[in-house]
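Participant: Have a peek at my_file-v3.tsv (TSV, C-alpha atoms and all ligand atoms).
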chain	number	residue	atom	x	y	z
A	1	ALA	CA	10.55	2.21	-22.18
A	2	LYS	CA	11.33	5.90	-22.49
A	3	LEU	CA	8.92	6.89	-19.73
A	4	PRO	CA	10.57	8.13	-16.55
A	5	GLY	CA	9.43	6.33	-13.38
A	6	SER	CA	6.36	7.65	-11.64
A	7	TYR	CA	8.36	8.87	-8.73
A	8	LEU	CA	6.43	11.85	-7.31
A	9	PHE	CA	4.16	10.18	-4.76
A	10	ALA	CA	6.67	7.41	-4.03
A	11	GLU	CA	9.31	10.02	-3.24
A	12	ILE	CA	6.85	11.95	-1.03
A	13	ALA	CA	6.03	8.75	0.88
A	14	ARG	CA	9.74	7.95	1.24
A	15	ARG	CA	10.52	11.38	2.69
A	16	VAL	CA	7.52	11.32	5.06
A	17	ASN	CA	8.39	7.81	6.28
A	18	GLU	CA	12.00	8.77	6.84
A	19	TYR	CA	10.94	11.88	8.79
A	20	SER	CA	8.37	9.95	10.87
A	21	ALA	CA	10.92	7.25	11.71
A	22	LYS	CA	13.33	9.90	12.99
A	23	HIS	CA	10.58	11.83	14.84
A	24	PRO	CA	8.16	9.18	16.14
A	25	GLY	CA	6.15	11.71	18.14
A	26	ALA	CA	5.49	14.02	15.19
A	27	ASN	CA	1.82	14.39	14.27
A	28	VAL	CA	2.16	14.71	10.50
A	29	ILE	CA	-0.87	16.20	8.69
A	30	ARG	CA	-1.31	15.33	5.01
A	31	LEU	CA	-2.50	18.12	2.79
A	32	GLY	CA	-1.16	16.34	-0.27
A	33	ILE	CA	-4.11	13.96	-0.51
A	34	GLY	CA	-5.57	13.82	-4.02
A	35	ASP	CA	-8.31	11.39	-3.00
A	36	VAL	CA	-11.63	12.24	-1.40
A	37	THR	CA	-12.12	11.25	2.24
A	38	ARG	CA	-15.86	11.82	2.90
A	39	PRO	CA	-18.13	8.77	2.44
A	40	LEU	CA	-20.70	8.27	-0.32
A	41	ALA	CA	-23.93	10.23	0.14
A	42	PRO	CA	-26.72	8.26	1.90
A	43	ALA	CA	-29.00	8.56	-1.16
A	44	VAL	CA	-26.23	7.08	-3.30
A	45	VAL	CA	-25.63	4.19	-0.91
A	46	GLU	CA	-29.35	3.46	-0.80
A	47	ALA	CA	-29.60	3.27	-4.60
A	48	PHE	CA	-26.40	1.22	-4.77
A	49	GLU	CA	-27.72	-1.32	-2.20
A	50	LYS	CA	-31.08	-1.57	-3.88
A	51	ALA	CA	-29.43	-2.25	-7.23
A	52	VAL	CA	-27.17	-4.92	-5.73
A	53	ARG	CA	-30.25	-6.65	-4.34
A	54	GLU	CA	-31.84	-6.49	-7.80
A	55	MET	CA	-28.83	-8.36	-9.14
A	56	GLY	CA	-29.64	-11.20	-6.70
A	57	ARG	CA	-33.11	-11.91	-8.05
A	58	ALA	CA	-33.84	-13.59	-11.39
A	59	GLU	CA	-36.64	-11.12	-12.24
A	60	THR	CA	-34.43	-8.05	-11.81
A	61	PHE	CA	-31.00	-9.47	-12.64
A	62	HIS	CA	-28.83	-7.59	-15.17
A	63	GLY	CA	-26.15	-9.20	-17.30
A	64	TYR	CA	-24.02	-7.27	-19.78
A	65	GLY	CA	-25.33	-3.71	-19.94
A	66	PRO	CA	-25.29	-1.35	-22.89
A	67	ASP	CA	-21.70	-0.51	-23.88
A	68	TYR	CA	-22.43	3.22	-23.65
A	69	GLY	CA	-24.43	3.37	-20.42
A	70	TYR	CA	-27.97	2.67	-19.20
A	71	ASP	CA	-30.74	4.99	-20.40
A	72	PHE	CA	-31.56	6.14	-16.87
A	73	LEU	CA	-28.04	7.48	-16.28
A	74	VAL	CA	-27.47	8.96	-19.74
A	75	ASN	CA	-30.82	10.78	-19.52
A	76	ALA	CA	-30.00	12.03	-16.02
A	77	ILE	CA	-26.67	13.38	-17.30
A	78	ILE	CA	-28.33	15.20	-20.20
A	79	GLU	CA	-31.09	16.63	-18.00
A	80	ASN	CA	-28.94	17.67	-15.03
A	81	ASP	CA	-25.43	18.30	-16.28
A	82	TYR	CA	-26.25	20.01	-19.56
A	83	LYS	CA	-29.86	21.22	-19.86
A	84	PRO	CA	-29.51	23.76	-17.01
A	85	LEU	CA	-26.49	25.24	-18.83
A	86	GLY	CA	-28.54	25.66	-21.99
A	87	VAL	CA	-26.49	22.94	-23.69
A	88	ASP	CA	-28.23	20.33	-25.84
A	89	VAL	CA	-26.53	16.96	-25.78
A	90	ASP	CA	-27.94	14.02	-27.75
A	91	PHE	CA	-28.44	10.65	-26.12
A	92	ASP	CA	-25.81	8.97	-28.27
A	93	GLU	CA	-23.22	11.67	-27.62
A	94	VAL	CA	-22.76	10.44	-24.01
A	95	PHE	CA	-20.51	7.51	-23.11
A	96	VAL	CA	-20.67	6.29	-19.51
A	97	SER	CA	-17.31	4.99	-18.31
A	98	ASP	CA	-15.41	3.84	-15.26
A	99	GLY	CA	-13.91	7.28	-14.72
A	100	ALA	CA	-12.10	10.21	-16.22
A	101	LYS	CA	-8.58	8.81	-15.90
A	102	CYS	CA	-9.44	5.98	-18.28
A	103	ASP	CA	-11.25	8.33	-20.66
A	104	VAL	CA	-8.56	11.01	-20.83
A	105	SER	CA	-5.91	8.36	-21.34
A	106	ASN	CA	-7.86	6.19	-23.81
A	107	VAL	CA	-9.18	9.01	-25.98
A	108	GLN	CA	-5.79	9.35	-27.68
A	109	GLU	CA	-6.51	6.05	-29.47
A	110	LEU	CA	-8.64	8.17	-31.82
A	111	PHE	CA	-5.64	10.19	-32.95
A	112	SER	CA	-3.02	9.31	-35.54
A	113	ASP	CA	0.46	8.27	-34.49
A	114	ASP	CA	1.95	11.51	-35.73
A	115	ALA	CA	-0.64	13.83	-34.15
A	116	VAL	CA	0.94	16.76	-32.30
A	117	ILE	CA	-0.35	17.13	-28.76
A	118	ALA	CA	-0.44	20.28	-26.64
A	119	VAL	CA	-0.67	20.21	-22.85
A	120	THR	CA	-0.52	22.89	-20.21
A	121	ASP	CA	2.51	22.99	-17.94
A	122	PRO	CA	2.00	22.23	-15.03
A	123	VAL	CA	-0.38	19.39	-15.92
A	124	TYR	CA	-2.25	16.33	-14.66
A	125	PRO	CA	0.36	13.80	-15.84
A	126	VAL	CA	-2.05	11.29	-17.43
A	127	TYR	CA	-2.45	13.26	-20.68
A	128	VAL	CA	1.29	13.29	-21.20
A	129	ASP	CA	1.96	9.71	-20.12
A	130	SER	CA	-0.82	8.17	-22.22
A	131	ASN	CA	0.48	9.90	-25.34
A	132	ALA	CA	4.05	8.90	-24.49
A	133	MET	CA	2.91	5.27	-24.10
A	134	ALA	CA	1.31	5.49	-27.54
A	135	GLY	CA	4.67	6.60	-28.94
A	136	ARG	CA	3.47	10.08	-29.80
A	137	ALA	CA	5.57	12.18	-27.45
A	138	GLY	CA	9.05	11.80	-28.95
A	139	GLU	CA	12.08	11.74	-26.70
A	140	TYR	CA	12.20	12.70	-23.03
A	141	VAL	CA	14.94	15.31	-22.70
A	142	ASN	CA	15.47	17.67	-19.75
A	143	ASP	CA	12.09	16.90	-18.14
A	144	ARG	CA	10.16	17.45	-21.38
A	145	TRP	CA	8.96	15.36	-24.33
A	146	ASN	CA	10.27	16.88	-27.52
A	147	ARG	CA	7.18	16.18	-29.67
A	148	LEU	CA	4.73	17.70	-27.18
A	149	CYS	CA	3.80	21.36	-27.28
A	150	TYR	CA	3.83	22.74	-23.73
A	151	LEU	CA	1.69	25.73	-22.82
A	152	PRO	CA	3.36	27.35	-19.79
A	153	CYS	CA	1.06	28.56	-17.01
A	154	ASN	CA	2.43	30.70	-14.22
A	155	ALA	CA	1.60	33.67	-12.04
A	156	GLY	CA	2.86	35.94	-14.84
A	157	ASN	CA	0.06	34.90	-17.19
A	158	GLY	CA	-2.48	34.32	-14.41
A	159	PHE	CA	-2.28	30.57	-15.15
A	160	VAL	CA	-4.06	31.18	-18.44
A	161	PRO	CA	-2.31	29.05	-21.06
A	162	PRO	CA	-1.07	30.80	-24.19
A	163	LEU	CA	-2.27	29.47	-27.54
A	164	PRO	CA	0.14	26.97	-29.13
A	165	ASP	CA	3.06	28.62	-30.92
A	166	ARG	CA	3.11	25.93	-33.63
A	167	PRO	CA	0.53	23.76	-35.36
A	168	VAL	CA	-0.99	21.13	-33.07
A	169	ASP	CA	-3.76	18.57	-33.55
A	170	VAL	CA	-5.02	18.08	-30.01
A	171	ILE	CA	-5.10	20.38	-26.97
A	172	TYR	CA	-5.77	18.99	-23.50
A	173	LEU	CA	-7.36	21.48	-21.11
A	174	CYS	CA	-8.50	20.84	-17.53
A	175	TYR	CA	-10.67	23.35	-15.65
A	176	PRO	CA	-10.99	23.76	-12.73
A	177	ASN	CA	-7.36	22.85	-12.97
A	178	ASN	CA	-5.34	20.21	-11.24
A	179	PRO	CA	-2.84	21.25	-9.89
A	180	THR	CA	-3.30	25.05	-9.95
A	181	GLY	CA	-6.93	25.13	-8.77
A	182	THR	CA	-7.60	27.97	-11.22
A	183	THR	CA	-10.36	28.29	-13.81
A	184	LEU	CA	-10.73	29.99	-17.20
A	185	THR	CA	-13.38	32.57	-17.88
A	186	HIS	CA	-15.87	32.07	-20.68
A	187	ALA	CA	-13.89	34.52	-22.83
A	188	GLN	CA	-10.58	32.75	-22.18
A	189	LEU	CA	-12.10	29.40	-23.02
A	190	LYS	CA	-13.64	30.90	-26.15
A	191	THR	CA	-10.16	31.87	-27.33
A	192	PHE	CA	-9.26	28.17	-27.36
A	193	VAL	CA	-12.51	27.08	-28.98
A	194	ASP	CA	-12.10	29.71	-31.70
A	195	TYR	CA	-8.48	28.67	-32.20
A	196	ALA	CA	-9.42	24.99	-32.47
A	197	ARG	CA	-12.16	25.78	-34.98
A	198	ALA	CA	-9.86	27.94	-37.09
A	199	ASN	CA	-6.95	25.50	-37.01
A	200	GLY	CA	-8.63	22.11	-37.19
A	201	CYS	CA	-7.68	21.01	-33.66
A	202	ILE	CA	-9.56	18.84	-31.19
A	203	ILE	CA	-9.83	19.96	-27.55
A	204	VAL	CA	-9.98	17.28	-24.87
A	205	TYR	CA	-11.59	19.07	-21.95
A	206	ASP	CA	-11.26	17.48	-18.51
A	207	ALA	CA	-14.03	18.80	-16.26
A	208	ALA	CA	-13.43	16.35	-13.37
A	209	TYR	CA	-13.65	19.20	-10.85
A	210	LYS	CA	-16.62	21.09	-12.26
A	211	ALA	CA	-18.73	20.45	-9.14
A	212	PHE	CA	-16.42	22.77	-7.20
A	213	ILE	CA	-17.24	25.81	-9.32
A	214	THR	CA	-18.91	28.45	-7.19
A	215	SER	CA	-17.96	31.53	-9.22
A	216	GLY	CA	-19.34	32.15	-12.67
A	217	ALA	CA	-16.66	30.08	-14.44
A	218	PRO	CA	-17.95	27.74	-17.17
A	219	LYS	CA	-18.96	24.28	-15.91
A	220	SER	CA	-18.76	22.81	-19.38
A	221	ILE	CA	-16.78	23.78	-22.47
A	222	TYR	CA	-20.06	23.46	-24.39
A	223	GLU	CA	-21.21	26.70	-22.78
A	224	VAL	CA	-18.92	28.27	-25.38
A	225	GLU	CA	-20.53	28.65	-28.77
A	226	GLY	CA	-19.04	26.36	-31.39
A	227	ALA	CA	-17.39	24.01	-28.88
A	228	LYS	CA	-19.61	21.13	-29.95
A	229	ASP	CA	-17.68	21.05	-33.24
A	230	VAL	CA	-14.25	20.71	-31.66
A	231	ALA	CA	-14.40	19.55	-28.04
A	232	ILE	CA	-14.63	16.24	-26.24
A	233	GLU	CA	-15.55	16.61	-22.56
A	234	CYS	CA	-14.63	14.19	-19.77
A	235	CYS	CA	-16.50	14.21	-16.45
A	236	SER	CA	-16.28	12.11	-13.33
A	237	TYR	CA	-18.28	11.25	-10.24
A	238	SER	CA	-15.02	10.82	-8.31
A	239	LYS	CA	-14.73	14.30	-6.90
A	240	THR	CA	-18.37	15.30	-7.54
A	241	ALA	CA	-19.78	12.48	-5.42
A	242	GLY	CA	-16.92	10.60	-3.78
A	243	PHE	CA	-16.75	7.82	-6.39
A	244	THR	CA	-12.96	7.41	-6.42
A	245	GLY	CA	-13.37	3.86	-5.12
A	246	THR	CA	-16.72	3.22	-6.78
A	247	ARG	CA	-15.69	4.26	-10.32
A	248	CYS	CA	-17.98	6.05	-12.73
A	249	GLY	CA	-17.68	8.94	-15.13
A	250	PHE	CA	-18.66	9.85	-18.65
A	251	MET	CA	-17.36	11.36	-21.82
A	252	VAL	CA	-19.29	13.50	-24.28
A	253	ILE	CA	-18.28	13.31	-27.94
A	254	PRO	CA	-20.64	15.48	-30.00
A	255	HIS	CA	-21.50	14.41	-33.54
A	256	GLY	CA	-19.94	17.63	-34.81
A	257	VAL	CA	-16.42	16.68	-33.70
A	258	LYS	CA	-14.58	15.41	-36.74
A	259	GLY	CA	-11.08	14.22	-37.41
A	260	LEU	CA	-9.39	13.84	-40.76
A	261	GLY	CA	-9.08	10.37	-42.24
A	262	ALA	CA	-6.08	9.09	-44.20
A	263	ASN	CA	-7.42	10.66	-47.42
A	264	GLY	CA	-8.39	13.93	-45.83
A	265	GLU	CA	-12.03	12.95	-45.41
A	266	ALA	CA	-14.00	14.02	-42.30
A	267	VAL	CA	-14.35	11.22	-39.77
A	268	SER	CA	-16.85	11.28	-36.90
A	269	LEU	CA	-14.99	10.74	-33.64
A	270	ASN	CA	-18.30	9.86	-32.01
A	271	GLN	CA	-18.73	6.92	-34.42
A	272	MET	CA	-15.14	5.83	-33.99
A	273	TRP	CA	-15.43	5.95	-30.19
A	274	LYS	CA	-18.62	3.93	-30.36
A	275	ARG	CA	-16.81	1.33	-32.43
A	276	ARG	CA	-13.92	1.32	-30.02
A	277	MET	CA	-16.16	1.00	-26.95
A	278	GLY	CA	-18.01	-1.93	-28.52
A	279	SER	CA	-14.72	-3.78	-28.91
A	280	LYS	CA	-12.89	-2.78	-25.76
A	281	PHE	CA	-15.41	-1.94	-23.04
A	282	ASN	CA	-18.28	-3.81	-21.44
A	283	GLY	CA	-19.80	-0.87	-19.64
A	284	VAL	CA	-20.00	0.09	-15.98
A	285	SER	CA	-21.78	-2.29	-13.60
A	286	TYR	CA	-25.52	-1.80	-13.13
A	287	PRO	CA	-25.34	-1.03	-9.37
A	288	VAL	CA	-22.64	1.59	-9.94
A	289	GLN	CA	-24.70	3.30	-12.64
A	290	ARG	CA	-27.72	3.28	-10.31
A	291	ALA	CA	-25.53	4.79	-7.60
A	292	ALA	CA	-24.34	7.47	-10.05
A	293	ALA	CA	-27.91	8.27	-11.11
A	294	ALA	CA	-28.79	8.86	-7.44
A	295	VAL	CA	-26.35	11.78	-7.46
A	296	TYR	CA	-29.01	13.64	-9.47
A	297	THR	CA	-31.96	12.94	-7.17
A	298	PRO	CA	-32.98	15.87	-4.93
A	299	ASP	CA	-31.58	14.17	-1.80
A	300	GLY	CA	-28.46	12.91	-3.54
A	301	ALA	CA	-27.70	16.28	-5.10
A	302	ALA	CA	-28.17	18.11	-1.79
A	303	GLN	CA	-25.97	15.61	0.06
A	304	CYS	CA	-23.21	15.78	-2.56
A	305	ARG	CA	-23.36	19.58	-2.50
A	306	ASP	CA	-22.87	19.50	1.29
A	307	THR	CA	-19.72	17.43	0.86
A	308	ILE	CA	-18.36	19.78	-1.79
A	309	ARG	CA	-19.08	22.70	0.55
A	310	TYR	CA	-17.14	20.89	3.26
A	311	TYR	CA	-14.08	20.58	1.02
A	312	LEU	CA	-14.44	24.16	-0.19
A	313	ARG	CA	-14.50	25.32	3.42
A	314	ASN	CA	-11.19	23.51	3.93
A	315	ALA	CA	-9.90	25.19	0.79
A	316	ALA	CA	-10.85	28.58	2.23
A	317	VAL	CA	-9.07	27.73	5.50
A	318	ILE	CA	-5.92	26.93	3.50
A	319	ARG	CA	-6.16	30.00	1.29
A	320	ASP	CA	-6.83	32.38	4.17
A	321	GLY	CA	-4.21	30.77	6.41
A	322	LEU	CA	-1.49	30.91	3.77
A	323	THR	CA	-2.38	34.47	2.83
A	324	ALA	CA	-2.25	35.53	6.49
A	325	ALA	CA	1.18	33.87	6.76
A	326	GLY	CA	2.36	36.05	3.87
A	327	PHE	CA	2.37	33.48	1.05
A	328	GLU	CA	1.27	34.11	-2.53
A	329	VAL	CA	-1.75	31.88	-3.12
A	330	TYR	CA	-3.80	30.84	-6.16
A	331	GLY	CA	-6.78	28.54	-6.76
A	332	GLY	CA	-8.91	27.06	-4.00
A	333	VAL	CA	-12.05	29.06	-4.85
A	334	ASP	CA	-13.52	26.81	-7.54
A	335	ALA	CA	-11.35	23.80	-6.79
A	336	PRO	CA	-10.08	21.60	-3.96
A	337	TYR	CA	-6.51	22.58	-4.88
A	338	ILE	CA	-4.49	25.50	-3.59
A	339	TRP	CA	-1.40	26.44	-5.53
A	340	MET	CA	1.09	28.59	-3.67
A	341	ARG	CA	4.34	30.15	-4.73
A	342	THR	CA	7.30	28.90	-2.72
A	343	PRO	CA	8.79	31.78	-0.74
A	344	GLY	CA	11.89	33.48	-2.14
A	345	GLY	CA	11.89	31.29	-5.25
A	346	MET	CA	12.70	28.25	-3.13
A	347	ASP	CA	12.99	24.92	-4.94
A	348	SER	CA	9.67	23.06	-4.51
A	349	TRP	CA	11.29	19.94	-2.99
A	350	ALA	CA	13.28	22.10	-0.55
A	351	PHE	CA	9.99	23.75	0.49
A	352	PHE	CA	8.44	20.29	0.88
A	353	ASP	CA	11.22	19.34	3.34
A	354	LYS	CA	10.92	22.63	5.23
A	355	LEU	CA	7.12	22.37	5.57
A	356	LEU	CA	7.47	18.77	6.75
A	357	SER	CA	10.19	19.45	9.29
A	358	GLU	CA	8.91	22.78	10.66
A	359	ALA	CA	5.12	22.41	10.52
A	360	ASN	CA	4.84	18.61	10.09
A	361	VAL	CA	2.59	19.24	7.10
A	362	VAL	CA	2.80	17.33	3.81
A	363	GLY	CA	1.98	18.84	0.43
A	364	THR	CA	3.02	18.18	-3.16
A	365	PRO	CA	6.01	19.86	-4.84
A	366	GLY	CA	4.95	21.74	-7.95
A	367	ALA	CA	7.88	20.35	-9.94
A	368	GLY	CA	6.05	17.00	-9.91
A	369	PHE	CA	3.47	18.42	-12.35
A	370	GLY	CA	5.93	19.70	-14.95
A	371	PRO	CA	8.87	22.09	-15.26
A	372	CYS	CA	6.65	25.18	-14.91
A	373	GLY	CA	5.43	23.83	-11.56
A	374	GLU	CA	8.89	24.48	-10.11
A	375	GLY	CA	8.70	27.33	-7.61
A	376	TYR	CA	5.13	26.34	-6.68
A	377	PHE	CA	3.54	23.94	-4.22
A	378	ARG	CA	0.11	22.22	-4.09
A	379	LEU	CA	-2.05	21.77	-1.01
A	380	THR	CA	-5.37	19.93	-1.12
A	381	ALA	CA	-8.67	20.38	0.71
A	382	PHE	CA	-9.48	16.68	1.18
A	383	ASN	CA	-8.38	16.25	4.79
A	384	THR	CA	-10.78	16.89	7.69
A	385	LEU	CA	-11.66	20.44	8.68
A	386	GLU	CA	-10.02	19.94	12.08
A	387	LYS	CA	-6.73	18.70	10.65
A	388	THR	CA	-6.75	21.38	7.96
A	389	GLN	CA	-7.26	24.06	10.60
A	390	GLU	CA	-4.48	22.62	12.73
A	391	ALA	CA	-2.10	22.43	9.77
A	392	LEU	CA	-2.71	26.06	8.89
A	393	ALA	CA	-2.34	27.16	12.51
A	394	ARG	CA	1.07	25.47	12.52
A	395	ILE	CA	2.09	27.01	9.21
A	396	ARG	CA	1.12	30.47	10.49
A	397	GLU	CA	2.98	29.91	13.75
A	398	LYS	CA	6.16	28.38	12.34
A	399	MET	CA	6.50	29.71	8.83
A	400	ALA	CA	4.86	33.15	8.61
A	401	GLY	CA	6.91	35.83	6.90
A	402	MET	CA	9.35	33.39	5.25
A	501	LIG	N1	-8.73	14.28	-14.20
A	501	LIG	C1	-8.07	15.00	-13.30
A	501	LIG	C2	-7.64	16.38	-13.66
A	501	LIG	C3	-7.79	14.49	-12.03
A	501	LIG	O1	-7.12	15.23	-11.15
A	501	LIG	C4	-8.22	13.19	-11.72
A	501	LIG	C5	-7.94	12.58	-10.40
A	501	LIG	O2	-7.23	13.04	-9.58
A	501	LIG	C6	-8.88	12.47	-12.69
A	501	LIG	C7	-9.13	13.03	-13.92
A	501	LIG	C8	-9.30	11.05	-12.43
A	501	LIG	O3	-10.65	10.92	-12.29
A	501	LIG	P1	-11.33	9.51	-12.12
A	501	LIG	O4	-11.27	9.12	-10.67
A	501	LIG	O5	-12.73	9.71	-12.60
A	501	LIG	O6	-10.60	8.52	-12.96
Would you mind writing the file's structure down as C-alpha cells?

Facilitator:
Amino acid sequence: AKLPGSYLFAEIARRVNEYSAKHPGANVIRLGIGDVTRPLAPAVVEAFEKAVREMGRAETFHGYGPDYGYDFLVNAIIENDYKPLGVDVDFDEVFVSDGAKCDVSNVQELFSDDAVIAVTDPVYPVYVDSNAMAGRAGEYVNDRWNRLCYLPCNAGNGFVPPLPDRPVDVIYLCYPNNPTGTTLTHAQLKTFVDYARANGCIIVYDAAYKAFITSGAPKSIYEVEGAKDVAIECCSYSKTAGFTGTRCGFMVIPHGVKGLGANGEAVSLNQMWKRRMGSKFNGVSYPVQRAAAAVYTPDGAAQCRDTIRYYLRNAAVIRDGLTAAGFEVYGGVDAPYIWMRTPGGMDSWAFFDKLLSEANVVGTPGAGFGPCGEGYFRLTAFNTLEKTQEALARIREKMAGM
C-alpha cells in the first residue's frame, strides 16, 4: 500500500500520445525501448519447434520437469557460461527459471524481514519494489525508502557505487548496468566482494546484460576470487538471445553462500532456495529449455552474437551521434543502454519534452530510475539501425550545442 504507482512508462506513453495527437504527421522514433526487437535465432527456433513436436508424441512427451532445470540445459550453462571463465559451478548450484525479473524479485524471500538492503541509485526498480512489497523498505519519503541504503552513482564517481556507509545485509549490483550502461572493472567488483566477505553481506548480482560485454569487464561476479562465498548471480536469455517473450533465465547460488539462522547458525541459501523452488515453482517448459540450450550450439551462439553486434552497432551510433552533438555520454560500449547528462543541468522530464518536440525522439528520463538519475537521460539500442541513425541525425541537426 505504501508503494508509489509505477508511473514512469505510463507517463512516457501519455506524453507521446498527447504529442502525436497534436502533431499527426510527426514520425516519432522510440529510443526508450527496453525490449528486444530482433527475432529468435534460427537455431533456437528449430530446437524450439522440434521440442514442441516431441511434446505431441507419447514416446517423447514430457510432463512436469525437474524443478531446477533439465540436465541438458544446466550442463550447457556450466560448460559455456562458466568453464571458459575459469569458474567451476556445480550442477546443483544452478537453478533454471523463467527469467531474471522473477529471480531478482523472489530471491529476497531468503532474507529476514529486518534485513537491511543496499541498492545503487539509479537502479533497475525491481530490487527496490520487491523488498518494499516484502515490507523491508520502511517508509517512502521524498522519493526514497528510509530503510534502504542507497549507493549514489553519478559522473563524479564514474558510476562506481561507493561501499555502504552503514551495516547492510544484502547488496544488489547489476553489471553491465541498467540504466547507466556502465560496467565495473575486476578490481572495483573485488572491492564489493571483499567488503561482503568481511562484513557478512550477500551480493545479489544481476548479469542480465553480460552478453553485451566486449571490453575486458567481468562477465560473472565469480571471476572475482572469493565471490562464491557471498554472491548469488542472476542471468537471463532475454537480452542474450531475444527471450523476452519466450522466458528463460537462471540463478546460481553456490554452496558457499550462507546466511545466519535465528540462532546465529550458518544456513545454506542454496538448500533454502531448493526447498523454496520445490514448493513454489514447477520449472520452465521443456520446449523453452530446449530453445535456451540451442543458444549454446555453434550455430545458435554465432546467430545470437550477430544480433548482439547489431544492437551494439546501434549503441555506437547513439554514442557517437550524441558526442558529436556536444552531449556528455556514458555507457553503450558493453551495454545496450546509453546514459547521457542532460544539457545545462536540465530536469530530465523537461529534456524528455524537448527531445520529443524538437527531434521527435523518445527516451527515458533518468529521474525514473531513482533520485540520482535526475539530470541524466537513457537511450536504448533496441530500435532498428535505420531508425537509430535517423534519430541521431535529427538530434545532431536540431539539438547540437544545447
Ligand atoms: N535485470 C535487469 C537489470 C533488466 O534490465 C531486466 C529487463 O529489462 C531484467 C533483469 C529482466 O530480465 P528477464 O526478462 O529475464 O526477466

Participant: Using all atoms listed in the file, find each residue with an atom at most 7 Å away from ligand LIG 501 (chain A) and format the answer as a list in words.

Facilitator: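 Taking all atoms listed in the file into account, the residues around ligand LIG 501 (chain A) at most 7 Å away are Gly34, Asp35, Asp98, Gly99, Ala100, Lys101, Cys102, Tyr124, Cys174, Asn177, Asn178, Asp206, Ala208, Ser236, Tyr237, Ser238, Thr244, Arg247, Cys248 and Gly249 of chain A.
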
Participant: Any idea what's packed within 12 Å of A:Ser112, counting all atoms listed in the file, ignoring anything in its chain fewer than 6 positions away? Could you give it as a CSV table (one decimal) with C-alpha atoms, in the frame of the given file?

Facilitator:
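Okay, this is what ended up in around16.csv:
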chain,number,residue,atom,x,y,z
A,131,ASN,CA,0.5,9.9,-25.3
A,134,ALA,CA,1.3,5.5,-27.5
A,135,GLY,CA,4.7,6.6,-28.9
A,136,ARG,CA,3.5,10.1,-29.8
A,169,ASP,CA,-3.8,18.6,-33.6
A,170,VAL,CA,-5.0,18.1,-30.0
A,259,GLY,CA,-11.1,14.2,-37.4
A,260,LEU,CA,-9.4,13.8,-40.8
A,261,GLY,CA,-9.1,10.4,-42.2
A,262,ALA,CA,-6.1,9.1,-44.2

Participant: For A:Tyr172, work out the shell of residues within 8 Å, counting all atoms listed in the file and skipping chain neighbours fewer than 5 positions away, then give it as a ChimeraX atom specification.

Facilitator: /A:117-120,127,203-206

Participant: Rank A:Glu54, A:Glu46, A:Asp92, A:Asp334 by their smallest atom-to-atom distance to A:Pro66, using only C-alpha atoms, and report the top residue only.

Facilitator: A:Asp92

Participant: I need the residue nearest A:Ala391 from this list: A:Pro179, A:Gly256, A:Gly245, A:Gly32. Use only C-alpha atoms for the distance.

Facilitator: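 Among the listed residues, the smallest separation from A:Ala391 belongs to A:Gly32.
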
Participant: Which residue out of A:Thr191, A:Thr182, A:Ser97, A:Ser20 has the minimum interatomic distance to A:Cys234 when only C-alpha atoms are used?

Facilitator: A:Ser97

Participant: Show which residues sit within 8 Å of A:Met402, as a list in words. Count all atoms listed in the file, and ignore same-chain residues fewer than 2 positions away.

Facilitator: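 Using all atoms listed in the file, the neighbours found are Gly326, Pro343, Gly344, Met399 and Ala400 of chain A.
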
Participant: Selected residues, C-alpha atoms, written as a PDB file, in the coordinates of the input, please.

Facilitator:
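Written output follows (result-v7.pdb):
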ATOM      1  CA  GLY A 326       2.360  36.050   3.870  1.00  0.00           C
ATOM      2  CA  PRO A 343       8.790  31.780  -0.740  1.00  0.00           C
ATOM      3  CA  GLY A 344      11.890  33.480  -2.140  1.00  0.00           C
ATOM      4  CA  MET A 399       6.500  29.710   8.830  1.00  0.00           C
ATOM      5  CA  ALA A 400       4.860  33.150   8.610  1.00  0.00           C
TER       6      ALA A 400
END

Participant: Excluding A:Met346 and its own-chain neighbours fewer than 6 positions away, which residues fall within 10 Å of it when counting all atoms listed in the file? Please give them as an NGL selection string.

Facilitator: :A and (352 or 374-376)

Participant: Return the single residue from A:Leu85, A:Ala41, A:Val116, A:Leu148 that is closest to A:Asp306, with distances computed using all atoms listed in the file.

Facilitator: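 Under the stated criterion, the closest residue is A:Ala41.
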